[in-house]
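Text of work-v7.pdb (PDB, C-alpha atoms) as supplied:
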ATOM      1  CA  MET P 173     -59.104  66.340-262.079  1.00  0.00           C
ATOM      2  CA  GLU P 174     -56.817  63.448-261.129  1.00  0.00           C
ATOM      3  CA  GLU P 175     -57.601  59.982-262.338  1.00  0.00           C
ATOM      4  CA  GLN P 176     -57.371  57.159-259.859  1.00  0.00           C
ATOM      5  CA  ALA P 177     -55.503  53.972-260.600  1.00  0.00           C
ATOM      6  CA  PRO P 178     -57.806  51.160-261.765  1.00  0.00           C
ATOM      7  CA  ASP P 179     -57.103  49.079-258.657  1.00  0.00           C
ATOM      8  CA  MET P 180     -58.104  51.998-256.410  1.00  0.00           C
ATOM      9  CA  GLN P 181     -61.366  52.351-258.298  1.00  0.00           C
ATOM     10  CA  ALA P 182     -62.028  48.636-257.948  1.00  0.00           C
ATOM     11  CA  GLN P 183     -61.375  48.824-254.197  1.00  0.00           C
ATOM     12  CA  GLU P 184     -63.763  51.764-253.820  1.00  0.00           C
ATOM     13  CA  LEU P 185     -66.445  49.915-255.784  1.00  0.00           C
ATOM     14  CA  ALA P 186     -65.954  46.837-253.613  1.00  0.00           C
ATOM     15  CA  VAL P 187     -66.426  48.947-250.472  1.00  0.00           C
ATOM     16  CA  GLU P 188     -69.577  50.523-251.910  1.00  0.00           C
ATOM     17  CA  GLU P 189     -70.955  47.105-252.825  1.00  0.00           C
ATOM     18  CA  GLU P 190     -70.313  45.866-249.303  1.00  0.00           C
ATOM     19  CA  ARG P 191     -72.291  48.791-247.885  1.00  0.00           C
ATOM     20  CA  LYS P 192     -75.474  48.206-249.846  1.00  0.00           C
ATOM     21  CA  PRO P 193     -78.490  48.067-247.542  1.00  0.00           C
ATOM     22  CA  VAL P 194     -79.839  44.623-246.798  1.00  0.00           C
ATOM     23  CA  VAL P 195     -83.334  43.505-245.926  1.00  0.00           C
ATOM     24  CA  PHE P 196     -83.890  42.815-242.226  1.00  0.00           C
ATOM     25  CA  ALA P 197     -87.478  41.766-241.614  1.00  0.00           C
ATOM     26  CA  VAL P 198     -88.979  41.464-238.153  1.00  0.00           C
ATOM     27  CA  ARG P 199     -92.328  40.133-237.007  1.00  0.00           C
ATOM     28  CA  ILE P 200     -94.251  42.515-234.774  1.00  0.00           C
ATOM     29  CA  ASP P 201     -97.616  42.593-233.080  1.00  0.00           C
ATOM     30  CA  PRO P 202    -100.348  44.129-235.282  1.00  0.00           C
ATOM     31  CA  VAL P 203    -101.125  46.727-232.593  1.00  0.00           C
ATOM     32  CA  LEU P 204     -97.509  47.908-232.622  1.00  0.00           C
ATOM     33  CA  ARG P 205     -97.639  48.060-236.421  1.00  0.00           C
ATOM     34  CA  GLU P 206    -100.739  50.290-236.241  1.00  0.00           C
ATOM     35  CA  GLN P 207     -98.982  52.588-233.755  1.00  0.00           C
ATOM     36  CA  ILE P 208     -95.928  52.798-235.992  1.00  0.00           C
ATOM     37  CA  GLU P 209     -98.081  53.551-239.041  1.00  0.00           C
ATOM     38  CA  GLY P 210     -99.923  56.292-237.156  1.00  0.00           C
ATOM     39  CA  LEU P 211     -96.743  57.900-235.844  1.00  0.00           C
ATOM     40  CA  ARG P 212     -94.806  57.602-239.073  1.00  0.00           C
ATOM     41  CA  SER P 213     -97.534  59.430-240.964  1.00  0.00           C
ATOM     42  CA  ILE P 214     -97.353  62.256-238.402  1.00  0.00           C
ATOM     43  CA  THR P 215     -93.543  62.372-238.490  1.00  0.00           C
ATOM     44  CA  GLU P 216     -93.444  61.801-242.262  1.00  0.00           C
ATOM     45  CA  GLN P 217     -90.945  58.983-241.847  1.00  0.00           C
ATOM     46  CA  SER P 218     -91.045  55.683-243.672  1.00  0.00           C
ATOM     47  CA  VAL P 219     -91.473  52.441-241.764  1.00  0.00           C
ATOM     48  CA  ASN P 220     -87.894  51.663-242.812  1.00  0.00           C
ATOM     49  CA  ASP P 221     -86.621  54.948-241.326  1.00  0.00           C
ATOM     50  CA  VAL P 222     -88.459  54.256-238.075  1.00  0.00           C
ATOM     51  CA  GLY P 223     -86.943  50.775-237.925  1.00  0.00           C
ATOM     52  CA  VAL P 224     -83.425  52.037-238.635  1.00  0.00           C
ATOM     53  CA  VAL P 225     -83.691  54.693-235.909  1.00  0.00           C
ATOM     54  CA  ALA P 226     -85.006  52.140-233.411  1.00  0.00           C
ATOM     55  CA  LEU P 227     -82.313  49.570-234.218  1.00  0.00           C
ATOM     56  CA  LYS P 228     -79.503  52.139-234.097  1.00  0.00           C
ATOM     57  CA  GLY P 229     -80.745  53.229-230.673  1.00  0.00           C
ATOM     58  CA  TRP P 230     -80.843  49.628-229.445  1.00  0.00           C
ATOM     59  CA  VAL P 231     -77.329  48.934-230.736  1.00  0.00           C
ATOM     60  CA  ALA P 232     -75.922  52.091-229.119  1.00  0.00           C
ATOM     61  CA  LYS P 233     -77.608  51.314-225.788  1.00  0.00           C
ATOM     62  CA  THR P 234     -76.478  47.686-225.859  1.00  0.00           C
ATOM     63  CA  LEU P 235     -72.872  48.608-226.683  1.00  0.00           C
ATOM     64  CA  GLU P 236     -72.786  50.906-223.621  1.00  0.00           C
ATOM     65  CA  ASP P 237     -73.864  48.072-221.306  1.00  0.00           C
ATOM     66  CA  GLU P 238     -70.882  46.970-219.164  1.00  0.00           C
ATOM     67  CA  THR P 239     -72.150  43.399-218.982  1.00  0.00           C
ATOM     68  CA  VAL P 240     -72.245  43.190-222.777  1.00  0.00           C
ATOM     69  CA  GLN P 241     -68.756  44.708-223.014  1.00  0.00           C
ATOM     70  CA  GLU P 242     -67.394  42.190-220.489  1.00  0.00           C
ATOM     71  CA  LYS P 243     -69.034  39.306-222.334  1.00  0.00           C
ATOM     72  CA  ALA P 244     -67.605  40.528-225.656  1.00  0.00           C
ATOM     73  CA  MET P 245     -64.096  40.704-224.171  1.00  0.00           C
ATOM     74  CA  ALA P 246     -64.495  37.224-222.647  1.00  0.00           C
ATOM     75  CA  GLU P 247     -65.509  35.869-226.072  1.00  0.00           C
ATOM     76  CA  LEU P 248     -62.469  37.535-227.669  1.00  0.00           C
ATOM     77  CA  ASP P 249     -60.198  36.014-225.006  1.00  0.00           C
ATOM     78  CA  ALA P 250     -61.729  32.571-225.576  1.00  0.00           C
ATOM     79  CA  GLU P 251     -61.289  32.901-229.335  1.00  0.00           C
ATOM     80  CA  GLU P 252     -57.670  33.945-228.841  1.00  0.00           C
ATOM     81  CA  ARG P 253     -57.063  30.848-226.670  1.00  0.00           C
ATOM     82  CA  ARG P 254     -58.661  28.618-229.332  1.00  0.00           C
ATOM     83  CA  LEU P 255     -56.423  30.156-232.001  1.00  0.00           C
ATOM     84  CA  GLN P 256     -53.308  29.687-229.852  1.00  0.00           C
ATOM     85  CA  GLU P 257     -54.247  26.036-229.279  1.00  0.00           C
ATOM     86  CA  ARG P 258     -54.791  25.572-233.006  1.00  0.00           C
ATOM     87  CA  ARG P 259     -51.452  27.227-233.789  1.00  0.00           C
ATOM     88  CA  ALA P 260     -49.691  24.932-231.308  1.00  0.00           C
ATOM     89  CA  SER P 261     -51.418  21.887-232.781  1.00  0.00           C
ATOM     90  CA  ILE P 262     -50.502  22.782-236.350  1.00  0.00           C
ATOM     91  CA  ALA P 263     -46.957  23.698-235.316  1.00  0.00           C
ATOM     92  CA  GLY P 264     -46.666  20.298-233.627  1.00  0.00           C
ATOM     93  CA  ILE P 265     -47.793  18.579-236.806  1.00  0.00           C
ATOM     94  CA  LEU P 266     -45.213  20.542-238.784  1.00  0.00           C
ATOM     95  CA  GLY P 267     -42.499  19.844-236.227  1.00  0.00           C
ATOM     96  CA  GLN P 268     -42.202  23.430-235.112  1.00  0.00           C
ATOM     97  CA  THR P 269     -42.529  24.945-231.685  1.00  0.00           C
ATOM     98  CA  ALA P 270     -45.573  27.082-231.066  1.00  0.00           C
ATOM     99  CA  ALA P 271     -43.472  29.653-229.228  1.00  0.00           C
ATOM    100  CA  ALA P 272     -41.483  30.287-232.384  1.00  0.00           C
ATOM    101  CA  GLY P 273     -44.709  31.278-234.097  1.00  0.00           C
ATOM    102  CA  GLY P 274     -43.710  29.433-237.212  1.00  0.00           C
ATOM    103  CA  THR P 275     -40.529  31.447-237.739  1.00  0.00           C
ATOM    104  CA  GLU P 276     -38.308  28.368-237.888  1.00  0.00           C
ATOM    105  CA  ASP P 277     -37.178  27.017-241.229  1.00  0.00           C
ATOM    106  CA  PRO P 278     -39.870  24.786-242.666  1.00  0.00           C
ATOM    107  CA  PRO P 279     -39.294  21.084-242.176  1.00  0.00           C
ATOM    108  CA  GLU P 280     -37.751  19.074-244.987  1.00  0.00           C
ATOM    109  CA  PRO P 281     -40.372  18.037-247.509  1.00  0.00           C
ATOM    110  CA  ILE P 282     -41.734  14.563-247.057  1.00  0.00           C
ATOM    111  CA  THR P 283     -40.400  12.314-249.773  1.00  0.00           C
ATOM    112  CA  ARG P 284     -41.996   9.154-250.955  1.00  0.00           C
ATOM    113  CA  ARG P 285     -40.286   6.056-249.713  1.00  0.00           C
ATOM    114  CA  GLY P 286     -40.893   2.468-250.440  1.00  0.00           C
ATOM    115  CA  ARG P 287     -41.289   0.832-253.770  1.00  0.00           C
ATOM    116  CA  GLN P 288     -40.420   3.131-256.645  1.00  0.00           C
ATOM    117  CA  PRO P 289     -41.910   2.810-260.105  1.00  0.00           C
ATOM    118  CA  LYS P 290     -39.770   1.009-262.684  1.00  0.00           C
ATOM    119  CA  GLY P 291     -37.289   3.184-264.482  1.00  0.00           C
ATOM    120  CA  GLN P 292     -36.233   5.232-261.466  1.00  0.00           C
TER     121      GLN P 292
END

Written as structure tokens, that's how I'd like the structure from this file.
Amino acid sequence: MEEQAPDMQAQELAVEEERKPVVFAVRIDPVLREQIEGLRSITEQSVNDVGVVALKGWVAKTLEDETVQEKAMAELDAEERRLQERRASIAGILGQTAAAGGTEDPPEPITRRGRQPKGQ
């Protein structure tokens, strides 16, 4: 059996830690809770399993919705514009052109001018 490098093991552990289930509590009508309890006992599923199945179904259905897809793309486009504006602003502060994407040589470091301490 091959041993993995320590950094690979650490990466795998980090991924596993990121995938730990989290608590997601919802408030529901008591009548719906009774229906869920009745059905889950028949299907032998836990309330958690029922909730996971329902939420996965909602996510899948929502992701297929063209309106949601269009809105998601519009939000990505808006975020990209904000990042481009930020890049241009920072490049302007640094004396670089935004079109260069920061590939120019960095500006000369700012040196202190004015009164120098004694001995210099």

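Put simply, atom CA of Gln207 of chain P is 21.8 Å away from atom CA of Val195 of chain P.
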
If I wrap all listed atoms of segment 246-261 of chain P in a box with edges along x, y and z and add 8 Å on each side, what are its centre and edge lengths in Å to one decimal, as JSON?
{"center_x": -57.6, "center_y": 29.7, "center_z": -228.2, "size_x": 31.8, "size_y": 31.6, "size_z": 27.1}

- Interatomic distance, atom CA of Asp201 of chain P to atom CA of Asn220 of chain P (Å, one decimal):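 Interatomic distance here is 16.5 Å.
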
- Message: Between atom CA of Thr239 of chain P and atom CA of Leu255 of chain P, what distance in Å does the model show, to one decimal?
- Response: 24.3 Å

- Message: Need the shell around Gly223 of chain P: protein/DNA/RNA residues with any atom at most 12 Å away, counting all atoms listed in the file. Skip same-chain ones fewer than 5 positions apart. Format as a list in words?
- Response: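 Counting only the stated atoms, we get Val195, Phe196, Ala197, Val198, Arg199, Ile200, Arg205, Ile208, Glu209, Arg212, Gln217, Ser218, Lys228, Gly229 and Trp230 of chain P.
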
Just save segment 217-241 of chain P with N, CA and C atoms, as a CSV table (one decimal), in the first residue's frame.
chain,number,residue,atom,x,y,z
P,217,GLN,N,-38.1,6.5,7.1
P,217,GLN,CA,-37.0,7.5,6.9
P,217,GLN,C,-37.0,8.4,8.1
P,218,SER,N,-35.9,9.0,8.4
P,218,SER,CA,-35.8,10.0,9.5
P,218,SER,C,-36.3,11.3,9.0
P,219,VAL,N,-36.7,12.2,9.9
P,219,VAL,CA,-37.1,13.5,9.6
P,219,VAL,C,-36.0,14.2,8.8
P,220,ASN,N,-34.8,14.0,9.2
P,220,ASN,CA,-33.6,14.6,8.5
P,220,ASN,C,-33.6,14.1,7.0
P,221,ASP,N,-33.8,12.8,6.8
P,221,ASP,CA,-33.7,12.2,5.5
P,221,ASP,C,-34.8,12.9,4.6
P,222,VAL,N,-36.0,13.0,5.2
P,222,VAL,CA,-37.1,13.6,4.5
P,222,VAL,C,-36.8,15.0,4.1
P,223,GLY,N,-36.2,15.8,5.0
P,223,GLY,CA,-35.8,17.2,4.7
P,223,GLY,C,-34.8,17.3,3.7
P,224,VAL,N,-33.8,16.4,3.7
P,224,VAL,CA,-32.7,16.4,2.7
P,224,VAL,C,-33.3,16.1,1.3
P,225,VAL,N,-34.1,15.1,1.2
P,225,VAL,CA,-34.7,14.8,-0.1
P,225,VAL,C,-35.6,15.9,-0.6
P,226,ALA,N,-36.3,16.6,0.3
P,226,ALA,CA,-37.2,17.7,-0.2
P,226,ALA,C,-36.3,18.9,-0.6
P,227,LEU,N,-35.3,19.2,0.1
P,227,LEU,CA,-34.4,20.3,-0.2
P,227,LEU,C,-33.6,20.0,-1.5
P,228,LYS,N,-33.1,18.8,-1.7
P,228,LYS,CA,-32.4,18.5,-2.9
P,228,LYS,C,-33.3,18.6,-4.1
P,229,GLY,N,-34.6,18.2,-4.0
P,229,GLY,CA,-35.6,18.3,-5.0
P,229,GLY,C,-35.8,19.8,-5.4
P,230,TRP,N,-36.0,20.6,-4.3
P,230,TRP,CA,-36.2,22.1,-4.6
P,230,TRP,C,-35.0,22.7,-5.3
P,231,VAL,N,-33.8,22.4,-4.8
P,231,VAL,CA,-32.6,22.9,-5.4
P,231,VAL,C,-32.5,22.5,-6.9
P,232,ALA,N,-32.7,21.3,-7.2
P,232,ALA,CA,-32.7,20.8,-8.6
P,232,ALA,C,-33.7,21.5,-9.5
P,233,LYS,N,-34.9,21.6,-9.0
P,233,LYS,CA,-36.0,22.3,-9.7
P,233,LYS,C,-35.7,23.7,-9.9
P,234,THR,N,-35.2,24.4,-8.9
P,234,THR,CA,-34.8,25.8,-9.0
P,234,THR,C,-33.7,26.1,-10.0
P,235,LEU,N,-32.7,25.2,-10.0
P,235,LEU,CA,-31.6,25.4,-10.9
P,235,LEU,C,-32.0,25.2,-12.3
P,236,GLU,N,-33.0,24.4,-12.6
P,236,GLU,CA,-33.5,24.2,-14.0
P,236,GLU,C,-34.3,25.4,-14.5
P,237,ASP,N,-34.8,26.3,-13.6
P,237,ASP,CA,-35.6,27.4,-14.0
P,237,ASP,C,-34.8,28.4,-14.8
P,238,GLU,N,-35.2,28.7,-16.0
P,238,GLU,CA,-34.5,29.7,-16.9
P,238,GLU,C,-34.4,31.0,-16.2
P,239,THR,N,-35.4,31.5,-15.6
P,239,THR,CA,-35.4,32.8,-14.9
P,239,THR,C,-34.3,32.9,-13.9
P,240,VAL,N,-34.2,31.8,-13.1
P,240,VAL,CA,-33.1,31.8,-12.1
P,240,VAL,C,-31.8,31.7,-12.7
P,241,GLN,N,-31.6,31.0,-13.8
P,241,GLN,CA,-30.3,30.9,-14.5
P,241,GLN,C,-30.0,32.3,-15.1
